[in-house]
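Peer 1: Take a look at the following structure, please.
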Amino acid sequence: MRLDKYLKVSRLVKRRTVAKEMADQGRIEVNGRVVKSSYDVKLDDIISIGYGSRTVKARVLNIRETTKKDEASELYELVD
């Protein structure tokens, strides 16, 4: 699944277009390297998202095409 779609489905970013813009600006890394929005997300990838002054890191636990709002947090776990 594309990175921008995964971020939207997992609710780490509210909109897919915002996720795409963030990736194009170089604010998203996967496993320590900057990636584009078309990156193919795999299980156990570590995604780092830069939100202004803070960074959120999440490990991919599951990949689904769609998910309910209350089940979205099951797709990843936050790491430090």
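So you can find residues: chains in the structure tokens are A, B, ... in the order shown, residues in each start at 1, and ligands are numbered from 1 in order.
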I want to know what sits within 8 Å of stretch 67-74 of chain A, based on only C-alpha atoms, with residues of the same chain fewer than 2 positions away left out; could you give that as a PyMOL selection string?
Peer 2: chain A and resi 9-11+61-62+64-65+76-77
Peer 1: Residues within 12 Å of A:Val18, please, as a PyMOL selection string. Count only C-alpha atoms; anything in the same chain fewer than 3 positions from it doesn't count.
Peer 2: chain A and resi 3-5+7-8+11-15+21-25+27-28+37+49+51
Peer 1: Quick one: write out the picked residues with N, CA, C and O atoms as a PDB file, in the first residue's frame?
Peer 2:
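Listing of result.pdb after writing:
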```
ATOM      1  N   LEU A   3       2.362   4.863   0.848  1.00  0.00           N
ATOM      2  CA  LEU A   3       2.574   5.526   2.132  1.00  0.00           C
ATOM      3  C   LEU A   3       1.473   6.534   2.447  1.00  0.00           C
ATOM      4  O   LEU A   3       0.927   6.533   3.550  1.00  0.00           O
ATOM      5  N   ASP A   4       1.114   7.380   1.492  1.00  0.00           N
ATOM      6  CA  ASP A   4       0.095   8.394   1.765  1.00  0.00           C
ATOM      7  C   ASP A   4      -1.256   7.768   2.122  1.00  0.00           C
ATOM      8  O   ASP A   4      -1.952   8.220   3.022  1.00  0.00           O
ATOM      9  N   LYS A   5      -1.604   6.680   1.453  1.00  0.00           N
ATOM     10  CA  LYS A   5      -2.869   6.004   1.765  1.00  0.00           C
ATOM     11  C   LYS A   5      -2.801   5.338   3.135  1.00  0.00           C
ATOM     12  O   LYS A   5      -3.755   5.403   3.907  1.00  0.00           O
ATOM     13  N   LEU A   7      -1.051   6.244   5.759  1.00  0.00           N
ATOM     14  CA  LEU A   7      -1.129   7.267   6.798  1.00  0.00           C
ATOM     15  C   LEU A   7      -2.559   7.752   6.998  1.00  0.00           C
ATOM     16  O   LEU A   7      -2.984   8.022   8.118  1.00  0.00           O
ATOM     17  N   LYS A   8      -3.317   7.829   5.924  1.00  0.00           N
ATOM     18  CA  LYS A   8      -4.721   8.239   6.029  1.00  0.00           C
ATOM     19  C   LYS A   8      -5.571   7.141   6.670  1.00  0.00           C
ATOM     20  O   LYS A   8      -6.343   7.401   7.590  1.00  0.00           O
ATOM     21  N   ARG A  11      -5.016   6.819  10.295  1.00  0.00           N
ATOM     22  CA  ARG A  11      -5.363   8.065  10.969  1.00  0.00           C
ATOM     23  C   ARG A  11      -4.152   8.764  11.599  1.00  0.00           C
ATOM     24  O   ARG A  11      -4.297   9.571  12.507  1.00  0.00           O
ATOM     25  N   LEU A  12      -2.932   8.455  11.139  1.00  0.00           N
ATOM     26  CA  LEU A  12      -1.755   9.195  11.596  1.00  0.00           C
ATOM     27  C   LEU A  12      -1.753  10.594  10.994  1.00  0.00           C
ATOM     28  O   LEU A  12      -1.239  11.537  11.579  1.00  0.00           O
ATOM     29  N   VAL A  13      -2.335  10.714   9.775  1.00  0.00           N
ATOM     30  CA  VAL A  13      -2.530  12.008   9.120  1.00  0.00           C
ATOM     31  C   VAL A  13      -3.987  12.032   8.668  1.00  0.00           C
ATOM     32  O   VAL A  13      -4.496  11.034   8.164  1.00  0.00           O
ATOM     33  N   LYS A  14      -4.654  13.178   8.847  1.00  0.00           N
ATOM     34  CA  LYS A  14      -6.100  13.231   8.590  1.00  0.00           C
ATOM     35  C   LYS A  14      -6.490  13.049   7.134  1.00  0.00           C
ATOM     36  O   LYS A  14      -7.491  12.420   6.838  1.00  0.00           O
ATOM     37  N   ARG A  15      -5.707  13.626   6.217  1.00  0.00           N
ATOM     38  CA  ARG A  15      -6.075  13.555   4.795  1.00  0.00           C
ATOM     39  C   ARG A  15      -4.925  13.031   3.964  1.00  0.00           C
ATOM     40  O   ARG A  15      -3.763  13.318   4.236  1.00  0.00           O
ATOM     41  N   GLU A  21       1.655  15.799   0.564  1.00  0.00           N
ATOM     42  CA  GLU A  21       2.429  17.040   0.638  1.00  0.00           C
ATOM     43  C   GLU A  21       3.568  16.928   1.648  1.00  0.00           C
ATOM     44  O   GLU A  21       4.680  17.384   1.387  1.00  0.00           O
ATOM     45  N   MET A  22       3.305  16.308   2.799  1.00  0.00           N
ATOM     46  CA  MET A  22       4.348  16.137   3.812  1.00  0.00           C
ATOM     47  C   MET A  22       5.497  15.292   3.275  1.00  0.00           C
ATOM     48  O   MET A  22       6.669  15.594   3.500  1.00  0.00           O
ATOM     49  N   ALA A  23       5.167  14.218   2.561  1.00  0.00           N
ATOM     50  CA  ALA A  23       6.207  13.354   1.987  1.00  0.00           C
ATOM     51  C   ALA A  23       6.997  14.099   0.921  1.00  0.00           C
ATOM     52  O   ALA A  23       8.225  13.982   0.857  1.00  0.00           O
ATOM     53  N   ASP A  24       6.307  14.884   0.099  1.00  0.00           N
ATOM     54  CA  ASP A  24       6.991  15.645  -0.957  1.00  0.00           C
ATOM     55  C   ASP A  24       7.917  16.706  -0.371  1.00  0.00           C
ATOM     56  O   ASP A  24       8.913  17.076  -0.992  1.00  0.00           O
ATOM     57  N   GLN A  25       7.612  17.191   0.834  1.00  0.00           N
ATOM     58  CA  GLN A  25       8.452  18.178   1.500  1.00  0.00           C
ATOM     59  C   GLN A  25       9.598  17.529   2.281  1.00  0.00           C
ATOM     60  O   GLN A  25      10.401  18.222   2.890  1.00  0.00           O
ATOM     61  N   ARG A  27       9.294  15.504   4.978  1.00  0.00           N
ATOM     62  CA  ARG A  27       9.033  15.452   6.415  1.00  0.00           C
ATOM     63  C   ARG A  27       8.664  14.063   6.908  1.00  0.00           C
ATOM     64  O   ARG A  27       8.367  13.876   8.086  1.00  0.00           O
ATOM     65  N   ILE A  28       8.698  13.063   6.011  1.00  0.00           N
ATOM     66  CA  ILE A  28       8.384  11.686   6.402  1.00  0.00           C
ATOM     67  C   ILE A  28       9.561  10.783   6.042  1.00  0.00           C
ATOM     68  O   ILE A  28      10.050  10.800   4.919  1.00  0.00           O
ATOM     69  N   SER A  37       5.692   9.841  -1.377  1.00  0.00           N
ATOM     70  CA  SER A  37       4.357   9.354  -1.021  1.00  0.00           C
ATOM     71  C   SER A  37       4.020   8.027  -1.701  1.00  0.00           C
ATOM     72  O   SER A  37       3.147   7.302  -1.251  1.00  0.00           O
ATOM     73  N   ILE A  49       7.272  10.848  11.313  1.00  0.00           N
ATOM     74  CA  ILE A  49       6.532  11.951  10.715  1.00  0.00           C
ATOM     75  C   ILE A  49       6.874  13.226  11.483  1.00  0.00           C
ATOM     76  O   ILE A  49       6.695  13.277  12.704  1.00  0.00           O
ATOM     77  N   TYR A  51       5.996  16.769  12.565  1.00  0.00           N
ATOM     78  CA  TYR A  51       4.919  17.759  12.721  1.00  0.00           C
ATOM     79  C   TYR A  51       5.534  19.006  13.351  1.00  0.00           C
ATOM     80  O   TYR A  51       5.583  19.123  14.572  1.00  0.00           O
TER      81      TYR A  51
END
```
Peer 1: Just asking: which residues within chain A are strand (DSSP E) according to DSSP, as number ranges by chain?
Peer 2: A: 28-30, 33-34, 46-51, 54-60, 76-79
Peer 1: Write the selection just made, keeping C-alpha atoms, as an mmCIF file, in the first residue's frame?
Peer 2:
```cif
data_model
loop_
_atom_site.group_PDB
_atom_site.id
_atom_site.type_symbol
_atom_site.label_atom_id
_atom_site.label_comp_id
_atom_site.auth_asym_id
_atom_site.auth_seq_id
_atom_site.Cartn_x
_atom_site.Cartn_y
_atom_site.Cartn_z
ATOM 1 C CA ILE A 28 8.384 11.686 6.402
ATOM 2 C CA GLU A 29 11.076 9.019 6.823
ATOM 3 C CA VAL A 30 10.786 5.250 6.711
ATOM 4 C CA ARG A 33 15.525 7.530 4.999
ATOM 5 C CA VAL A 34 13.323 10.167 3.407
ATOM 6 C CA ILE A 46 9.323 2.447 11.222
ATOM 7 C CA ILE A 47 7.638 5.623 9.952
ATOM 8 C CA SER A 48 8.843 8.998 11.336
ATOM 9 C CA ILE A 49 6.532 11.951 10.715
ATOM 10 C CA GLY A 50 7.699 15.508 11.397
ATOM 11 C CA TYR A 51 4.919 17.759 12.721
ATOM 12 C CA ARG A 54 7.761 17.298 17.250
ATOM 13 C CA THR A 55 8.288 13.940 15.584
ATOM 14 C CA VAL A 56 6.022 10.900 15.808
ATOM 15 C CA LYS A 57 7.483 7.431 15.200
ATOM 16 C CA ALA A 58 5.244 4.459 14.511
ATOM 17 C CA ARG A 59 5.927 0.791 13.668
ATOM 18 C CA VAL A 60 3.621 -0.773 11.063
ATOM 19 C CA TYR A 76 0.572 0.700 14.240
ATOM 20 C CA GLU A 77 2.354 1.102 17.561
ATOM 21 C CA LEU A 78 4.102 4.282 18.657
ATOM 22 C CA VAL A 79 7.832 3.935 19.373
#
```
Peer 1: I'd like the interatomic distance between atom CA of A:Val41 and atom CA of A:Arg2, to a tenth of an Å.
Peer 2: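 Separation between atom CA of A:Val41 and atom CA of A:Arg2: 6.1 Å.
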Peer 1: Would you mind reading off the distance between atom CA of A:Asp45 and atom CA of A:Asp80, one decimal, in Å?
Peer 2: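 Atom CA of A:Asp45 sits 13.9 Å away from atom CA of A:Asp80.
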